[in-house]
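Colleague: Here it is: the structure, laid out below.
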Amino acid sequence: MQQLLAVPSCALQVNGSFQTHFISESFNHLKTSLSSAAKPLFKELQQLPIKKVNNVSETMKNTSGKILDALVNSMFKFVDQPLLPSQKNFAPVEEIGSLVEINCTEGEIPPDFAEGVYIRNGNNPLFGGLKSAVSIFGQSHHSWVDGEGMLHAVYFKKDQNGSWIISYKNRYVETETFKLEKHIHNKTCFLPVLQGDASAVLAALLLNWLRFGAVNKYFSNTNVFEHSGRVFSVTENYLPQEVDISTLETLSDWDVNGAWDRPFTGHPKKAPSSGELVIMGTDAKKPYYVLGVISADGKKLHKADLKFKRSVLSHDIGVTQKYNVIIDHPLTVDIQRLAMGGQLMKYEKEGFARIGVMSRYGDAESVKWFEVQTSCTFHILNCFEEGDEVVVRGCRALTSLIPGPDDDVGFNNKFEWFSKGFNFAHHTKDVSSADDIFAEPGYFFSRVYEWRLNMVSGEVEEKNLTGTEFSMEFPFINDQVTGLKHKYGYTQVVDSMASSTCGMGKFGSLAKLYLEESYTTTSAEGKCEELIKVEYHKFEENNFCNGSVFVARHGGKGMEEDDGWIVTFVHNEETDVTQVHVIDASRFGSEAIAKLTLPQRVPYGFHGTFVSMLSQS
């Protein structure tokens, strides 16, 4: 089993000399606290059964495991993290079991909608919800992105008469660590590692590794993607898991025939024309960032160490016809910082940001780097080539809401920090740097942004494409234009008040971006800005969407780029009912053309995709 430190969208592989250093640092930091915990530990150890067996090596292994279990049981207490009433739909649900047929509550699915599966991933924590671990070292906590992955799938299939048969199913992604906790121990075993007191996080990392050979769980809760006729679930702390799209059964880890031995991005991109899959994996030890290109048939791999000098949580990667596009921003992972009492993961607002452009099969020396204004970009909308320029578009903010507040912010109350960050009601100040980002509410505000990177002169032009009225995230496009110049893009739109009240992100509408239509306006600070046209699809009050995707019209190649539908999960918090809405992308502001009511609620989650029946044939 690979030894990985699971942080959302980043990983630490602890082996070899790094393991030795990691364990030594952890032991030195914890020595005093461990000695004070000896009494309750010895009490537990005295109750362990003593058996005489011939295999001394196996006896030592079993005994050490029981000693460590006794250590954790005596010193640590798992506590459920409470949920506010406004956070109810972030709570986990049970597996529904067999496929359940559903009907259109309103409207109907058009006949030229593609047959296939709309599938979304998201966190669905085992054993009741997210946990904190309390011990003499302090507390460590799960973050809002932790929790085992659960797939929610809606199947669109026609019968022999051309009538739609629509059904729903959900199922956990059963990673190695899921099986260990659920099927072997039937309880929470792994200590939380992402947030909390430095001593508690160090203790959790060390004890997880000593007990299980992995310093955190493999959540597999971020995204779903298809390649070479196969479907995979993924989170960046480990390899992807192949799933059977018909049953949602987890089949096996995918390591590209043994060629990929490190974490795997949650946002792989298919290169236009060639169908190659461009990936990357970030780690907390060298090599910090490795880029890979997988052949269209999924059998061959080119990989390159880009020789980063720091470990960054880079969540997305871009492609154009010729290039790979690399995001390097100052959201860093640092074990030494943790050992000194700081955060394992931290957004360094004084750090640098840059974007790299690399030929498809290049290496570290072939990357052309462009220094850009310091910011945090989790998600890329699209990239393309235009003349001498590579154009990169994404959702840009001036800080990161992962992992959460630290001492520099001055908030002891985590909820207060998130709540204030989502309060965009007075977000009219055009802040261009991170220097005063926490001076006023709304510091999570995310705008669609454009970087124009001149490959000849090395110059950069960057600007906002959207204004300060709404914060936008989770961008997506018609996949047929990935890596190509495009007219349209789409995002989910944050509901400021609902998110601030909840302390977690909620999306009350969708936005359609008209990238070739612009207008000039004046900002609150008197600056002239050229912004793009935006159209909104608003849901009813207290209805929030997630996992939105574009589904092209069946046989729609060569038609208009927006010839298709937006499909999204929408939860009504007043009735506690979840629906799937199908929205005509060319009549974006109109009511959904179809609404499908699901047999049970679907918790808010992350990313999804639409897997066409044709891609499975």
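Lettering and numbering for the structure tokens are positional, with chains as A, B, ... in the shown order, residues counted from 1 in each chain, and ligands counted from 1 in the shown order.
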Applying 7 Å and only C-alpha atoms, which residues near Trp369 (chain A) remain after dropping the ones on its own chain fewer than 3 positions away? List them as an MDAnalysis selection string.

Modeller: chainID A and resid 354:357

Colleague: Region 542-579 of chain A near region 81-94 of chain A within 10 Å: what's each residue's closest atom pair and its distance in Å to one decimal, counting only C-alpha atoms, ordered by chain then ascending residue number, as a Markdown table?

Modeller:
| residue | atom | partner | partner_atom | distance |
| --- | --- | --- | --- | --- |
| A:His571 | CA | A:Asn89 | CA | 8.1 |
| A:Asn572 | CA | A:Asn89 | CA | 9.5 |
| A:Glu573 | CA | A:Asn89 | CA | 7.6 |
| A:Asp576 | CA | A:Asn89 | CA | 8.0 |
| A:Val577 | CA | A:Asn89 | CA | 9.9 |
| A:Thr578 | CA | A:Asn89 | CA | 9.8 |

Colleague: What's the 8 Å shell around Phe418 (chain A), counting only C-alpha atoms, without same-chain residues fewer than 6 positions away, as a ChimeraX atom specification?

Modeller: /A:401,404,500,503-504

Colleague: As a ChimeraX atom specification, please: the residues near region 97-113 of chain A (cut-off 10 Å, only C-alpha atoms, same-chain neighbours under 6 positions excluded).

Modeller: /A:153-158,162-171,246-247,551-556,564-565,579-582,591-599

Colleague: For those residues, write N, CA, C and O atoms to a file as a short mmCIF file (atom, residue, chain, number, x, y, z; two decimals), in the first residue's frame.

Modeller:
data_model
loop_
_atom_site.label_atom_id
_atom_site.label_comp_id
_atom_site.auth_asym_id
_atom_site.auth_seq_id
_atom_site.Cartn_x
_atom_site.Cartn_y
_atom_site.Cartn_z
N ALA A 153 -25.74 8.72 -9.40
CA ALA A 153 -25.85 8.55 -10.85
C ALA A 153 -27.31 8.54 -11.29
O ALA A 153 -28.17 7.90 -10.66
N VAL A 154 -27.59 9.27 -12.38
CA VAL A 154 -28.90 9.26 -13.02
C VAL A 154 -28.72 8.70 -14.42
O VAL A 154 -27.92 9.22 -15.22
N TYR A 155 -29.45 7.62 -14.71
CA TYR A 155 -29.30 6.88 -15.97
C TYR A 155 -30.41 7.28 -16.94
O TYR A 155 -31.60 7.21 -16.60
N PHE A 156 -30.02 7.70 -18.13
CA PHE A 156 -30.96 8.07 -19.19
C PHE A 156 -30.87 7.02 -20.30
O PHE A 156 -29.85 6.91 -20.98
N LYS A 157 -31.95 6.25 -20.48
CA LYS A 157 -31.95 5.18 -21.47
C LYS A 157 -33.31 5.11 -22.16
O LYS A 157 -34.35 5.33 -21.52
N LYS A 158 -33.30 4.81 -23.44
CA LYS A 158 -34.55 4.68 -24.19
C LYS A 158 -34.92 3.21 -24.36
O LYS A 158 -34.04 2.35 -24.55
N GLY A 162 -38.53 4.11 -28.02
CA GLY A 162 -37.99 5.45 -27.97
C GLY A 162 -38.41 6.25 -26.76
O GLY A 162 -38.12 7.45 -26.68
N SER A 163 -39.10 5.61 -25.82
CA SER A 163 -39.51 6.30 -24.59
C SER A 163 -38.38 6.25 -23.57
O SER A 163 -37.64 5.26 -23.48
N TRP A 164 -38.29 7.31 -22.78
CA TRP A 164 -37.21 7.40 -21.81
C TRP A 164 -37.48 6.53 -20.58
O TRP A 164 -38.59 6.54 -20.03
N ILE A 165 -36.45 5.79 -20.16
CA ILE A 165 -36.44 5.10 -18.88
C ILE A 165 -35.32 5.75 -18.07
O ILE A 165 -34.15 5.70 -18.44
N ILE A 166 -35.70 6.39 -16.95
CA ILE A 166 -34.73 7.14 -16.15
C ILE A 166 -34.67 6.52 -14.77
O ILE A 166 -35.70 6.20 -14.16
N SER A 167 -33.48 6.32 -14.26
CA SER A 167 -33.32 5.68 -12.95
C SER A 167 -32.16 6.32 -12.18
O SER A 167 -31.32 7.02 -12.77
N TYR A 168 -32.15 6.05 -10.89
CA TYR A 168 -31.16 6.66 -9.98
C TYR A 168 -30.53 5.59 -9.09
O TYR A 168 -31.19 4.63 -8.70
N LYS A 169 -29.25 5.80 -8.79
CA LYS A 169 -28.55 4.92 -7.86
C LYS A 169 -27.42 5.70 -7.22
O LYS A 169 -26.85 6.62 -7.83
N ASN A 170 -27.08 5.35 -5.98
CA ASN A 170 -25.89 5.91 -5.34
C ASN A 170 -25.07 4.79 -4.73
O ASN A 170 -25.58 3.69 -4.46
N ARG A 171 -23.79 5.04 -4.53
CA ARG A 171 -22.94 4.01 -3.94
C ARG A 171 -21.62 4.62 -3.50
O ARG A 171 -21.09 5.53 -4.15
N SER A 246 -22.38 0.75 -14.66
CA SER A 246 -23.72 0.16 -14.56
C SER A 246 -24.15 -0.08 -13.12
O SER A 246 -25.31 0.12 -12.76
N THR A 247 -23.20 -0.50 -12.29
CA THR A 247 -23.52 -0.86 -10.90
C THR A 247 -22.91 0.09 -9.88
O THR A 247 -23.26 0.02 -8.70
N VAL A 551 -24.32 18.98 -21.33
CA VAL A 551 -24.57 17.78 -22.13
C VAL A 551 -24.91 18.23 -23.55
O VAL A 551 -25.94 18.88 -23.77
N ALA A 552 -24.03 17.92 -24.48
CA ALA A 552 -24.25 18.33 -25.87
C ALA A 552 -25.40 17.54 -26.48
O ALA A 552 -25.64 16.38 -26.15
N ARG A 553 -26.12 18.18 -27.40
CA ARG A 553 -27.21 17.51 -28.11
C ARG A 553 -26.66 16.29 -28.86
O ARG A 553 -25.59 16.34 -29.45
N HIS A 554 -27.39 15.21 -28.79
CA HIS A 554 -26.96 13.98 -29.46
C HIS A 554 -26.79 14.24 -30.96
O HIS A 554 -27.69 14.74 -31.63
N GLY A 555 -25.59 13.93 -31.48
CA GLY A 555 -25.30 14.20 -32.88
C GLY A 555 -25.08 15.66 -33.15
O GLY A 555 -25.19 16.12 -34.29
N GLY A 556 -24.75 16.43 -32.11
CA GLY A 556 -24.68 17.87 -32.22
C GLY A 556 -23.36 18.44 -32.68
O GLY A 556 -23.18 19.65 -32.66
N GLY A 564 -27.26 22.39 -26.46
CA GLY A 564 -27.28 21.30 -25.49
C GLY A 564 -27.96 21.75 -24.22
O GLY A 564 -28.73 22.73 -24.21
N TRP A 565 -27.66 21.08 -23.13
CA TRP A 565 -28.36 21.32 -21.88
C TRP A 565 -27.39 21.36 -20.70
O TRP A 565 -26.34 20.71 -20.71
N GLN A 579 -33.87 17.32 -6.66
CA GLN A 579 -34.25 17.07 -8.04
C GLN A 579 -33.03 17.18 -8.95
O GLN A 579 -32.00 17.73 -8.56
N VAL A 580 -33.17 16.66 -10.16
CA VAL A 580 -32.23 16.94 -11.25
C VAL A 580 -32.94 17.86 -12.22
O VAL A 580 -34.05 17.55 -12.68
N HIS A 581 -32.35 19.01 -12.50
CA HIS A 581 -32.92 19.96 -13.45
C HIS A 581 -32.16 19.87 -14.77
O HIS A 581 -30.93 19.76 -14.79
N VAL A 582 -32.92 19.92 -15.87
CA VAL A 582 -32.36 19.94 -17.21
C VAL A 582 -32.72 21.28 -17.83
O VAL A 582 -33.90 21.61 -17.98
N GLU A 591 -37.17 28.74 -17.62
CA GLU A 591 -37.39 27.66 -16.67
C GLU A 591 -36.80 26.36 -17.21
O GLU A 591 -36.67 26.16 -18.42
N ALA A 592 -36.38 25.48 -16.32
CA ALA A 592 -35.85 24.17 -16.72
C ALA A 592 -36.88 23.44 -17.58
O ALA A 592 -38.09 23.49 -17.31
N ILE A 593 -36.42 22.74 -18.61
CA ILE A 593 -37.34 22.02 -19.49
C ILE A 593 -37.80 20.70 -18.86
O ILE A 593 -38.79 20.12 -19.29
N ALA A 594 -37.06 20.22 -17.84
CA ALA A 594 -37.45 18.99 -17.15
C ALA A 594 -36.90 19.01 -15.73
O ALA A 594 -35.79 19.51 -15.49
N LYS A 595 -37.70 18.47 -14.80
CA LYS A 595 -37.27 18.31 -13.42
C LYS A 595 -37.59 16.89 -12.98
O LYS A 595 -38.72 16.42 -13.13
N LEU A 596 -36.58 16.20 -12.46
CA LEU A 596 -36.70 14.81 -12.04
C LEU A 596 -36.56 14.75 -10.52
O LEU A 596 -35.52 15.15 -9.98
N THR A 597 -37.56 14.27 -9.83
CA THR A 597 -37.48 14.16 -8.38
C THR A 597 -36.87 12.83 -7.98
O THR A 597 -37.28 11.77 -8.45
N LEU A 598 -35.85 12.90 -7.10
CA LEU A 598 -35.11 11.71 -6.71
C LEU A 598 -35.74 11.06 -5.48
O LEU A 598 -36.40 11.73 -4.68
N PRO A 599 -35.51 9.76 -5.30
CA PRO A 599 -36.16 9.04 -4.19
C PRO A 599 -35.61 9.38 -2.81
O PRO A 599 -36.22 9.05 -1.80
#

Colleague: Need the shell around Phe225 (chain A): protein/DNA/RNA residues with any atom at most 10 Å away, counting only C-alpha atoms. Skip same-chain ones fewer than 6 positions apart. Format as a PyMOL selection string?

Modeller: chain A and resi 119-120+231-234+240+242+266-269+607-611

Colleague: So what do you get for CA of Ala339 (chain A) versus CA of Leu71 (chain A), distance-wise?

Modeller: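 A separation of 21.3 Å between them.
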
Colleague: Can you list, as a PDB file with all heavy atoms, in the first residue's frame, every protein, DNA or RNA residue that comes within 7 Å of Phe606 (chain A) when you count only C-alpha atoms, leaving out same-chain residues fewer than 4 positions away?

Modeller:
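Final file, selection_33.pdb:
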ATOM      1  N   ASN A 121     -19.733  13.132  -7.992  1.00  0.00           N
ATOM      2  CA  ASN A 121     -19.014  12.670  -6.813  1.00  0.00           C
ATOM      3  C   ASN A 121     -19.181  13.689  -5.680  1.00  0.00           C
ATOM      4  O   ASN A 121     -19.478  14.863  -5.927  1.00  0.00           O
ATOM      5  CB  ASN A 121     -17.523  12.487  -7.133  1.00  0.00           C
ATOM      6  CG  ASN A 121     -16.865  11.408  -6.298  1.00  0.00           C
ATOM      7  OD1 ASN A 121     -17.352  11.042  -5.243  1.00  0.00           O
ATOM      8  ND2 ASN A 121     -15.742  10.895  -6.777  1.00  0.00           N
ATOM      9  N   GLY A 122     -18.967  13.244  -4.456  1.00  0.00           N
ATOM     10  CA  GLY A 122     -19.043  14.152  -3.318  1.00  0.00           C
ATOM     11  C   GLY A 122     -18.711  13.420  -2.040  1.00  0.00           C
ATOM     12  O   GLY A 122     -18.696  12.187  -1.990  1.00  0.00           O
ATOM     13  N   THR A 222     -13.789  13.657  -5.146  1.00  0.00           N
ATOM     14  CA  THR A 222     -13.744  14.953  -5.830  1.00  0.00           C
ATOM     15  C   THR A 222     -14.414  14.963  -7.195  1.00  0.00           C
ATOM     16  O   THR A 222     -15.193  15.848  -7.509  1.00  0.00           O
ATOM     17  CB  THR A 222     -12.283  15.417  -5.983  1.00  0.00           C
ATOM     18  OG1 THR A 222     -11.674  15.482  -4.700  1.00  0.00           O
ATOM     19  CG2 THR A 222     -12.203  16.774  -6.649  1.00  0.00           C
ATOM     20  N   ASN A 223     -14.103  13.976  -8.032  1.00  0.00           N
ATOM     21  CA  ASN A 223     -14.538  14.065  -9.422  1.00  0.00           C
ATOM     22  C   ASN A 223     -14.754  12.673 -10.002  1.00  0.00           C
ATOM     23  O   ASN A 223     -14.380  11.659  -9.400  1.00  0.00           O
ATOM     24  CB  ASN A 223     -13.493  14.833 -10.251  1.00  0.00           C
ATOM     25  CG  ASN A 223     -14.062  15.451 -11.517  1.00  0.00           C
ATOM     26  OD1 ASN A 223     -15.244  15.280 -11.831  1.00  0.00           O
ATOM     27  ND2 ASN A 223     -13.247  16.168 -12.252  1.00  0.00           N
ATOM     28  N   ASN A 546     -25.549  21.871  -7.455  1.00  0.00           N
ATOM     29  CA  ASN A 546     -24.173  21.369  -7.373  1.00  0.00           C
ATOM     30  C   ASN A 546     -23.956  20.321  -8.449  1.00  0.00           C
ATOM     31  O   ASN A 546     -24.901  19.730  -8.962  1.00  0.00           O
ATOM     32  CB  ASN A 546     -23.895  20.773  -5.990  1.00  0.00           C
ATOM     33  CG  ASN A 546     -24.729  19.555  -5.668  1.00  0.00           C
ATOM     34  OD1 ASN A 546     -24.250  18.432  -5.718  1.00  0.00           O
ATOM     35  ND2 ASN A 546     -26.003  19.745  -5.358  1.00  0.00           N
ATOM     36  N   GLY A 547     -22.676  20.118  -8.800  1.00  0.00           N
ATOM     37  CA  GLY A 547     -22.315  19.086  -9.779  1.00  0.00           C
ATOM     38  C   GLY A 547     -22.780  19.367 -11.190  1.00  0.00           C
ATOM     39  O   GLY A 547     -23.045  18.428 -11.961  1.00  0.00           O
TER      40      GLY A 547
END

Colleague: Let's see if you can do this: from backbone DSSP, list all strand (DSSP E or B) residues in region 362-560 of chain A, as a ChimeraX atom specification.

Modeller: /A:368-372,376-386,389-397,447-454,460-464,472-476,488-494,507-522,528-538,543-552

Colleague: Find the residues around Lys217 (chain A) up to 10 Å (only C-alpha atoms counted), leave out those fewer than 2 positions away in its own chain, and share them as number ranges by chain.

Modeller: A: 3-7, 146-148, 175-178, 180-181, 189-193, 208, 212, 214-215, 219-220, 237-238

Colleague: Given the choices A:Lys485, A:Lys286, A:Lys303, A:His315, which gets closest to Glu236 (chain A) if the distance is worked out from only C-alpha atoms?

Modeller: A:His315
